[in-house]
>>> print(open('target28.cif').read())   # mmCIF, C-alpha atoms
data_run
#
loop_
_atom_site.label_atom_id
_atom_site.label_comp_id
_atom_site.auth_asym_id
_atom_site.auth_seq_id
_atom_site.Cartn_x
_atom_site.Cartn_y
_atom_site.Cartn_z
CA MET A 281 104.48 97.01 106.70
CA ARG A 282 107.44 98.69 105.00
CA LEU A 283 107.68 101.49 102.49
CA ILE A 284 108.89 99.86 99.26
CA PHE A 285 110.56 102.97 97.90
CA LEU A 286 112.83 103.15 100.95
CA ASP A 287 114.13 99.72 99.88
CA VAL A 288 114.57 100.49 96.20
CA ALA A 289 115.48 104.20 96.19
CA PRO A 290 119.21 104.90 95.89
CA ALA A 291 120.31 107.14 98.79
CA PRO A 292 120.53 110.53 97.00
CA PHE A 293 117.09 110.04 95.47
CA TYR A 294 115.07 109.40 98.64
CA LEU A 295 113.32 112.73 98.28
CA LEU A 296 112.46 112.08 94.63
CA TYR A 297 110.96 108.70 95.47
CA ILE A 298 109.05 110.12 98.42
CA GLY A 299 107.87 112.88 96.07
CA ILE A 300 106.47 110.29 93.65
CA GLY A 301 104.56 108.73 96.54
CA LEU A 302 103.20 112.12 97.60
CA VAL A 303 102.13 112.94 94.04
CA ALA A 304 100.30 109.61 93.83
CA LEU A 305 98.62 110.39 97.15
CA ALA A 306 97.60 113.84 95.92
CA ILE A 307 96.13 112.41 92.70
CA ALA A 308 94.20 109.80 94.70
CA ALA A 309 92.87 112.51 97.03
CA ALA A 310 91.83 114.67 94.05
CA LEU A 311 89.98 111.72 92.49
CA VAL A 312 88.15 111.04 95.76
CA VAL A 313 87.12 114.70 96.10
CA LEU A 314 85.86 114.74 92.50
CA ALA A 315 83.96 111.50 93.15
CA VAL A 316 82.28 113.04 96.22
CA LEU A 317 81.25 116.08 94.18
CA LEU A 318 79.75 113.90 91.45
CA ILE A 319 77.91 111.77 94.04
CA ARG A 320 76.43 114.93 95.61
CA ARG A 321 75.36 116.13 92.17
CA ALA A 322 73.74 112.75 91.45
CA LYS A 323 71.91 112.91 94.78
CA ARG A 324 70.62 116.42 94.00
CA ASN A 325 69.39 115.26 90.58
CA LYS A 326 67.59 112.28 92.16
CA LYS A 327 65.52 114.69 94.24
CA MET B 67 66.32 95.78 71.84
CA ASN B 68 67.24 92.27 72.96
CA LYS B 69 68.69 92.60 76.47
CA LYS B 70 70.26 89.12 76.46
CA LEU B 71 71.98 89.82 73.15
CA THR B 72 73.50 93.10 74.37
CA LEU B 73 74.71 91.39 77.57
CA ALA B 74 76.34 88.64 75.48
CA ALA B 75 77.91 91.23 73.15
CA TYR B 76 79.26 93.36 76.01
CA SER B 77 80.52 90.33 77.95
CA PHE B 78 82.33 88.92 74.90
CA SER B 79 83.74 92.40 74.17
CA HIS B 80 84.82 92.73 77.82
CA PHE B 81 86.87 89.56 77.39
CA CYS B 82 88.37 90.90 74.13
CA VAL B 83 89.16 94.38 75.51
CA ASP B 84 90.95 92.96 78.57
CA PHE B 85 92.75 90.42 76.37
CA ALA B 86 94.04 93.19 74.09
CA CYS B 87 94.99 95.53 76.96
CA PHE B 88 97.04 92.87 78.76
CA TYR B 89 98.60 91.82 75.47
CA ILE B 90 99.75 95.44 75.06
CA LEU B 91 100.91 95.66 78.68
CA PHE B 92 102.97 92.47 78.69
CA GLY B 93 103.93 92.34 75.02
CA GLY B 94 107.62 92.76 74.23
CA ILE B 95 108.76 94.01 77.63
CA ALA B 96 111.74 92.51 79.42
CA ASP B 97 112.44 94.91 82.31
CA PRO B 98 110.32 94.03 85.40
CA ALA B 99 110.99 97.46 87.00
CA ALA B 100 109.57 99.24 83.95
CA LEU B 101 106.62 96.87 83.91
CA ALA B 102 105.79 97.76 87.54
CA TRP B 103 105.32 101.50 86.89
CA GLN B 104 103.70 100.92 83.52
CA PHE B 105 101.22 98.59 85.22
CA LEU B 106 100.48 101.29 87.80
CA LEU B 107 99.99 103.84 85.00
CA TYR B 108 97.60 101.49 83.19
CA ASN B 109 95.63 100.76 86.37
CA ALA B 110 95.43 104.46 87.26
CA VAL B 111 94.08 105.41 83.83
CA ALA B 112 91.84 102.38 83.26
CA PHE B 113 90.31 102.26 86.76
CA GLY B 114 90.76 105.79 88.09
CA LEU B 115 88.99 107.62 85.26
CA GLN B 116 85.92 105.43 84.86
CA PHE B 117 83.74 107.43 87.23
CA ILE B 118 84.43 110.61 85.23
CA PHE B 119 83.66 108.91 81.91
CA GLY B 120 80.68 107.29 83.62
CA ALA B 121 79.25 110.64 84.71
CA VAL B 122 79.71 111.95 81.14
CA CYS B 123 77.96 108.88 79.67
CA ASP B 124 75.10 109.29 82.18
CA ALA B 125 74.66 112.89 81.04
CA PHE B 126 74.88 111.96 77.32
CA PRO B 127 73.37 108.47 77.07
CA LYS B 128 73.43 108.37 73.27
CA LEU B 129 77.24 108.44 73.11
CA PRO B 130 78.49 105.23 71.45
CA ALA B 131 80.90 104.66 74.34
CA GLY B 132 81.31 100.91 73.84
CA PHE B 133 82.45 101.39 70.25
CA VAL B 134 84.72 104.34 71.15
CA GLY B 135 86.39 102.27 73.89
CA CYS B 136 87.02 99.34 71.55
CA ALA B 137 88.31 101.67 68.81
CA LEU B 138 90.83 103.30 71.19
CA VAL B 139 92.13 99.91 72.35
CA ALA B 140 92.36 98.78 68.71
CA ALA B 141 94.37 101.92 67.91
CA ALA B 142 96.75 101.16 70.80
CA VAL B 143 97.73 97.69 69.49
CA PRO B 144 99.81 98.84 66.49
CA LEU B 145 101.40 101.57 68.67
CA MET B 146 102.92 99.08 71.12
CA GLU B 147 106.46 100.26 70.40
CA PHE B 148 105.54 103.64 71.91
CA ARG B 149 104.95 102.15 75.34
CA VAL B 150 103.59 105.09 77.31
CA ALA B 151 101.30 106.38 74.55
CA SER B 152 100.02 102.89 73.86
CA ILE B 153 99.35 102.18 77.55
CA ILE B 154 97.53 105.48 78.09
CA LEU B 155 95.47 104.95 74.92
CA CYS B 156 94.46 101.41 75.84
CA GLY B 157 93.81 102.49 79.45
CA VAL B 158 91.44 105.25 78.32
CA GLY B 159 89.78 102.89 75.81
CA ASN B 160 89.40 100.24 78.49
CA ALA B 161 87.85 102.76 80.90
CA ILE B 162 85.34 104.05 78.33
CA PHE B 163 84.40 100.53 77.24
CA HIS B 164 83.92 99.34 80.84
CA VAL B 165 81.65 102.28 81.57
CA ALA B 166 79.51 101.47 78.51
CA GLY B 167 79.23 97.81 79.46
CA GLY B 168 78.64 98.70 83.11
CA ILE B 169 75.80 101.07 82.20
CA ASP B 170 74.20 98.36 80.06
CA SER B 171 74.54 95.77 82.82
CA LEU B 172 73.00 98.04 85.47
CA LYS B 173 70.43 100.01 83.46
CA PHE B 174 68.88 96.93 81.82
CA ALA B 175 69.24 94.72 84.90
CA ASP B 176 65.48 94.88 85.52
CA GLY B 177 66.15 94.71 89.24
CA ARG B 178 68.47 91.70 89.05
CA ILE B 179 72.06 91.54 90.30
CA SER B 180 73.06 88.67 88.03
CA ARG B 181 73.37 90.84 84.90
CA GLY B 182 76.15 92.96 86.44
CA GLY B 183 77.88 89.82 87.70
CA ILE B 184 77.87 88.19 84.27
CA PHE B 185 79.31 91.31 82.60
CA VAL B 186 82.13 91.85 85.11
CA SER B 187 82.99 88.13 85.17
CA ALA B 188 84.18 88.14 81.55
CA GLY B 189 87.26 90.26 82.26
CA ALA B 190 89.34 87.83 84.34
CA PRO B 191 89.81 85.20 81.58
CA GLY B 192 90.67 88.00 79.14
CA VAL B 193 93.35 89.31 81.51
CA ALA B 194 94.88 85.85 82.05
CA LEU B 195 94.78 84.73 78.41
CA GLY B 196 95.99 88.11 77.08
CA THR B 197 98.95 88.01 79.47
CA LEU B 198 99.80 84.43 78.50
CA TRP B 199 99.46 85.23 74.79
CA ALA B 200 101.88 88.15 75.17
CA GLN B 201 104.36 86.22 77.34
CA SER B 202 104.41 83.32 74.88
CA GLY B 203 105.37 85.74 72.08
CA GLY B 204 101.97 85.59 70.34
CA ALA B 205 101.45 87.84 67.33
CA ASP B 206 99.18 90.89 67.37
CA TRP B 207 96.68 89.53 64.84
CA LEU B 208 94.68 87.78 67.56
CA PRO B 209 94.11 90.79 69.88
CA LEU B 210 93.46 92.98 66.84
CA THR B 211 90.89 90.56 65.39
CA LEU B 212 89.16 90.21 68.76
CA ILE B 213 89.01 93.94 69.42
CA LEU B 214 87.80 94.78 65.90
CA ALA B 215 85.08 92.14 66.23
CA SER B 216 84.10 93.75 69.55
CA ALA B 217 84.01 97.20 67.99
CA ALA B 218 81.70 95.93 65.23
CA LEU B 219 79.46 94.12 67.75
CA THR B 220 79.10 97.06 70.10
CA LEU B 221 78.46 99.49 67.24
CA ARG B 222 75.80 97.23 65.72
CA LEU B 223 74.03 95.90 68.80
CA CYS B 224 74.58 98.06 71.84
CA LYS B 225 72.60 101.20 72.54
CA ASN B 226 72.82 102.38 76.12
CA HIS B 227 69.74 104.62 76.17
CA LEU B 228 66.27 103.45 77.13
CA SER B 229 63.38 103.99 74.75
CA PRO B 230 60.58 106.04 76.35
CA HIS B 231 58.28 102.99 76.24
CA THR B 232 60.60 100.70 78.21
CA THR B 233 59.72 100.03 81.84
CA LEU B 234 62.28 98.18 83.89
CA ALA B 235 62.42 97.50 87.62
CA PRO B 236 65.14 99.56 89.33
CA LEU B 237 67.98 97.84 91.16
CA ASP B 238 67.05 97.62 94.81
CA ALA B 239 69.82 95.90 96.72
CA GLY B 240 70.45 98.47 99.45
CA THR B 241 69.11 98.79 102.99
CA LYS B 242 67.46 101.87 104.50
CA VAL B 243 70.72 103.36 105.85
CA PRO B 244 71.42 107.04 105.09
CA PHE B 245 72.45 107.87 101.52
CA ALA B 246 76.12 108.53 102.34
CA LEU B 247 76.48 105.15 104.06
CA LEU B 248 74.66 103.37 101.24
CA VAL B 249 77.28 104.67 98.81
CA LEU B 250 80.28 104.45 101.11
CA LEU B 251 79.84 101.00 102.70
CA PRO B 252 79.85 98.91 99.49
CA LEU B 253 82.79 100.99 98.22
CA ILE B 254 84.67 100.22 101.47
CA SER B 255 83.93 96.54 100.92
CA ILE B 256 85.27 96.73 97.34
CA PHE B 257 88.35 98.70 98.50
CA VAL B 258 89.08 96.13 101.21
CA ARG B 259 88.59 93.13 98.92
CA SER B 260 90.85 94.71 96.32
CA PHE B 261 93.60 95.26 98.91
CA VAL B 262 93.16 91.83 100.49
CA GLY B 263 92.98 90.12 97.09
CA SER B 264 96.42 91.54 96.32
CA ILE B 265 98.05 90.37 99.57
CA LEU B 266 96.46 86.92 99.81
CA PRO B 267 99.04 84.13 99.74
CA SER B 268 99.82 83.26 96.12
CA GLU B 269 102.61 80.69 96.48
CA TRP B 270 100.22 78.11 95.02
CA LYS B 271 100.06 79.93 91.65
CA THR B 272 102.80 77.91 90.03
CA GLY B 273 102.46 77.40 86.32
CA THR B 274 100.16 78.37 83.54
CA LEU B 275 97.35 75.97 84.35
CA LEU B 276 96.88 77.27 87.90
CA ILE B 277 96.99 80.91 86.74
CA LEU B 278 94.28 80.09 84.20
CA LEU B 279 92.22 78.16 86.75
CA ALA B 280 92.45 81.12 89.16
CA ALA B 281 91.13 83.45 86.44
CA PHE B 282 88.26 81.09 85.65
CA ALA B 283 87.49 80.67 89.37
CA ALA B 284 87.25 84.47 89.70
CA CYS B 285 85.05 84.60 86.58
CA ALA B 286 82.73 81.85 87.84
CA GLY B 287 82.59 83.44 91.31
CA LYS B 288 81.46 86.84 90.01
CA ALA B 289 78.82 85.36 87.69
CA LEU B 290 77.48 82.82 90.19
CA GLY B 291 77.56 85.36 93.02
CA GLY B 292 75.12 87.56 91.12
CA ILE B 293 72.88 84.66 90.11
CA LEU B 294 72.72 83.24 93.64
CA ALA B 295 72.12 86.71 95.09
CA ASP B 296 68.98 86.96 92.95
CA ILE B 297 67.78 83.52 94.08
CA LEU B 298 68.78 83.43 97.75
CA GLY B 299 69.15 87.12 98.66
CA ALA B 300 72.17 89.37 98.26
CA ARG B 301 73.02 89.79 101.96
CA LEU B 302 72.96 86.06 102.67
CA VAL B 303 75.13 85.23 99.66
CA GLY B 304 77.58 88.13 100.10
CA VAL B 305 78.21 87.56 103.79
CA SER B 306 78.35 83.74 103.54
CA ALA B 307 80.79 83.89 100.62
CA LEU B 308 83.16 86.18 102.53
CA VAL B 309 83.00 83.97 105.64
CA ILE B 310 83.77 80.85 103.58
CA SER B 311 86.46 82.39 101.37
CA VAL B 312 88.86 83.81 103.98
CA PRO B 313 89.87 80.54 105.72
CA LEU B 314 90.06 78.79 102.35
CA ALA B 315 92.39 81.45 100.96
CA LEU B 316 94.59 81.52 104.08
CA LEU B 317 94.80 77.74 104.50
CA GLY B 318 95.35 77.26 100.77
CA ALA B 319 98.70 79.07 100.60
CA ASN B 320 100.29 75.85 99.35
CA ILE B 321 97.17 73.86 98.48
CA PRO B 322 95.84 74.99 95.08
CA GLU B 323 92.47 73.24 95.44
CA LEU B 324 91.63 75.19 98.62
CA ALA B 325 93.04 78.44 97.25
CA LEU B 326 90.99 78.13 94.04
CA LEU B 327 87.84 77.60 96.08
CA GLY B 328 88.83 80.67 98.13
CA VAL B 329 89.22 82.78 94.96
CA PHE B 330 85.86 81.47 93.71
CA PHE B 331 83.93 82.46 96.86
CA PHE B 332 85.92 85.68 97.38
CA ASN B 333 84.52 87.05 94.10
CA PHE B 334 80.85 86.39 94.95
CA THR B 335 80.53 89.79 96.65
CA MET B 336 81.66 91.92 93.66
CA PRO B 337 78.31 92.11 91.79
CA ILE B 338 76.47 92.50 95.10
CA ASN B 339 78.47 95.55 96.20
CA LEU B 340 78.14 97.00 92.69
CA ALA B 341 74.36 96.57 92.78
CA VAL B 342 74.14 98.37 96.15
CA VAL B 343 76.09 101.39 94.82
CA ALA B 344 73.86 101.43 91.73
CA SER B 345 70.74 101.19 93.94
CA ALA B 346 71.89 104.32 95.77
CA LEU B 347 72.50 106.20 92.51
CA PRO B 348 69.57 105.45 90.18
CA LYS B 349 69.89 106.93 86.68
CA ASN B 350 73.64 107.34 87.32
CA GLU B 351 74.73 103.85 86.35
CA GLY B 352 77.98 105.01 84.74
CA LEU B 353 78.99 106.93 87.86
CA ALA B 354 78.07 103.97 90.08
CA PHE B 355 80.11 101.55 88.00
CA GLY B 356 83.06 103.96 87.86
CA LEU B 357 83.01 104.48 91.62
CA SER B 358 83.36 100.74 92.13
CA THR B 359 86.45 100.63 89.90
CA LEU B 360 87.90 103.68 91.68
CA ALA B 361 87.57 101.73 94.94
CA LEU B 362 89.33 98.79 93.26
CA LEU B 363 92.20 101.08 92.22
CA LEU B 364 92.50 102.72 95.64
CA GLY B 365 92.59 99.24 97.17
CA VAL B 366 95.48 98.00 95.06
CA ALA B 367 97.49 101.25 94.70
CA PRO B 368 99.03 101.24 98.23
CA LEU B 369 100.79 97.98 97.40
CA TYR B 370 102.98 99.82 94.89
CA PHE B 371 104.35 101.84 97.81
CA ILE B 372 104.16 99.64 100.92
CA ARG B 373 105.12 96.06 101.57
CA VAL B 374 102.93 93.99 103.88
CA GLY B 375 104.97 91.77 106.20
CA LYS B 376 104.27 88.77 108.37
CA SER B 377 101.23 90.33 110.01
CA ALA B 378 99.30 89.65 106.78
CA PRO B 379 97.00 86.81 108.03
CA TYR B 380 95.77 88.96 110.94
CA LEU B 381 95.47 91.98 108.67
CA ILE B 382 93.51 89.92 106.13
CA ILE B 383 91.09 88.61 108.78
CA ALA B 384 90.57 92.10 110.27
CA LEU B 385 89.98 93.70 106.87
CA CYS B 386 87.63 90.95 105.70
CA ALA B 387 85.62 91.41 108.90
CA THR B 388 85.32 95.09 107.92
CA ALA B 389 84.15 94.18 104.39
CA LEU B 390 81.72 91.69 105.88
CA ALA B 391 80.27 94.29 108.25
CA ALA B 392 79.99 96.83 105.40
CA THR B 393 78.14 94.31 103.20
CA LEU B 394 75.91 93.22 106.09
CA ILE B 395 74.84 96.78 106.92
CA SER B 396 74.39 98.05 103.36
CA THR B 397 72.77 95.10 101.55
CA ASN B 398 69.17 93.92 101.73
CA ASN B 399 68.07 90.31 101.34
CA LYS B 400 65.30 90.60 98.74
CA ARG B 401 65.10 87.61 96.45
CA ARG B 402 64.58 88.11 92.75
CA PRO B 403 63.49 84.83 91.15
CA LYS B 404 63.27 84.79 87.38
CA ASN B 405 59.94 86.02 85.96
CA ALA B 406 58.42 86.47 89.41
CA PRO B 407 57.80 89.46 91.64
CA TYR B 408 60.43 90.34 94.22
CA ILE B 409 60.11 88.73 97.62
CA SER B 410 61.02 90.75 100.70
#
>>> encode(input="target28.cif", output="structure tokens")
Amino acid sequence: MRLIFLDVAPAPFYLLYIGIGLVALAIAAALVVLAVLLIRRAKRNKK
Amino acid sequence: MNKKLTLAAYSFSHFCVDFACFYILFGGIADPAALAWQFLLYNAVAFGLQFIFGAVCDAFPKLPAGFVGCALVAAAVPLMEFRVASIILCGVGNAIFHVAGGIDSLKFADGRISRGGIFVSAGAPGVALGTLWAQSGGADWLPLTLILASAALTLRLCKNHLSPHTTLAPLDAGTKVPFALLVLLPLISIFVRSFVGSILPSEWKTGTLLILLAAFAACAGKALGGILADILGARLVGVSALVISVPLALLGANIPELALLGVFFFNFTMPINLAVVASALPKNEGLAFGLSTLALLLGVAPLYFIRVGKSAPYLIIALCATALAATLISTNNKRRPKNAPYIS
């Protein structure tokens, strides 16, 4: 496996490209946390 | 309310919504680099937000979500020159529509997996034909006509709330594992199949006919997977389909006939995993449907950032074994023949 943005990012912009990846990761993590909260709420309502 | 009519209306509209969205996505764009991030943006909005819209629709079942979704996609078609706005608008519309159709397909399933399979199956041909229509320079009258027809159909026919007198059997596709596992395992299976589906060898997809055949194989696989799961038992069908599909997909790298069969069987498990999530979350059909699309997004998103090398066949086999184990543990094998009581 290789990180695509290390192939396509021009040298001075490595950090920017890595930043985009980190932002995407953060958004994904936030969505997962929100999903867990909604699942817990649904479970509470079932009871 | 006629359940078969609403399923037909939502399935047809699903085709139209995906057709219009992919027409917008691929229409009039020449730069492949721009297309890559715009595609990621579309996927993130259309797939990542469904569980939130789903939870809202579960809380307010009288919302005309199907119509709102179609209307937003229709509004995005004339705005195609404003790429980002148009993509976000059609992504949100797509997400809201999918949630409405997903709720209908799970809430009125009357215990059967096939209804969800038939609804989700209609998207693949819409994606393929919408892309081809855009790439061949087709005009916007066709997506607009289709999406406006869908808006009218969903407004007229589709109500997602149950009348107090309706009694329907709940979906019951899960095993007796703890609640967290019952939700997590099918989502892991969906995540894995999404990732694997994106890294499967695709050298055989040369030309329009094969791309169309692949879309129709995926469509037939999802629909037939649900139907067979009702007849033969979800666990048997889900596990067998995964076992059959992996060698076919790997051996069919350059043999379209094998690869198409692989795509066909690979999609059998989709409605089964969806039904297990919905079984774990009764009365939260929108959330259940949205969680499955979030797993799809999380499965495909890493491929925008990492490139899988020559270890792919081993990775594919290992991941499919994980999906297989997840399906095996989380899915029961009750049969649901038409007009007959369930058989354990």
>>> atom_distance(input="target28.cif", atom1="atom CA of B:Gly192", atom2="atom CA of B:Arg222")
22.1 Å
>>> resolve_selection(input="target28.cif", expression="the PyMOL selection byres ((chain B) within 7 of (chain A))", output="ChimeraX atom specification")
/B:347,350,371-375
>>> resolve_selection(input="target28.cif", expression="the PyMOL selection byres ((chain B and resi 180) around 9)", output="PyMOL selection string")
chain B and resi 171+175+178-179+181-185+288-296+337-338
>>> residues_around(input="target28.cif", residues="B:Thr274", least_positions_apart="5", cutoff="10 Å", atoms="only C-alpha atoms", output="PyMOL selection string")
chain B and resi 194-195+198+279-280
>>> closest_residue(input="target28.cif", among="B:Phe117, B:Tyr370, B:Trp270, B:Phe174", to="A:Leu317", atoms="only C-alpha atoms")
B:Phe117
>>> atom_distance(input="target28.cif", atom1="atom CA of B:Gly318", atom2="atom CA of B:Pro379")
12.1 Å
>>> closest_residue(input="target28.cif", among="B:Ala151, B:Ile382, B:Val158, B:Val305", to="B:Gly132", atoms="all atoms listed in the file")
B:Val158
>>> atom_distance(input="target28.cif", atom1="atom CA of B:Ala300", atom2="atom CA of B:Ala392")
13.0 Å
>>> closest_residue(input="target28.cif", among="B:Ser77, B:Ala218, B:Gly114, B:Ala284", to="A:Ala310", atoms="only C-alpha atoms")
B:Gly114
>>> resolve_selection(input="target28.cif", expression="the PyMOL selection byres ((chain B and resi 147) around 12)", output="PyMOL selection string")
chain B and resi 90-95+142-146+148-153
>>> closest_residue(input="target28.cif", among="B:Pro130, B:Gly352, B:Pro322, B:Gly240", to="B:Asn399", atoms="only C-alpha atoms")
B:Gly240
>>> closest_residue(input="target28.cif", among="B:Cys136, B:Arg401, B:Ala378, B:Ile265", to="B:Leu298", atoms="all atoms listed in the file")
B:Arg401
>>> closest_residue(input="target28.cif", among="B:Leu316, B:Leu251, B:Leu364, B:Cys156", to="B:Tyr108", atoms="all atoms listed in the file")
B:Cys156
>>> axis_aligned_box(input="target28.cif", around="stretch 297-305 of chain A", padding_each_side="5 Å", output="JSON")
{"center_x": 104.8, "center_y": 110.8, "center_z": 96.0, "size_x": 22.3, "size_y": 14.2, "size_z": 14.8}
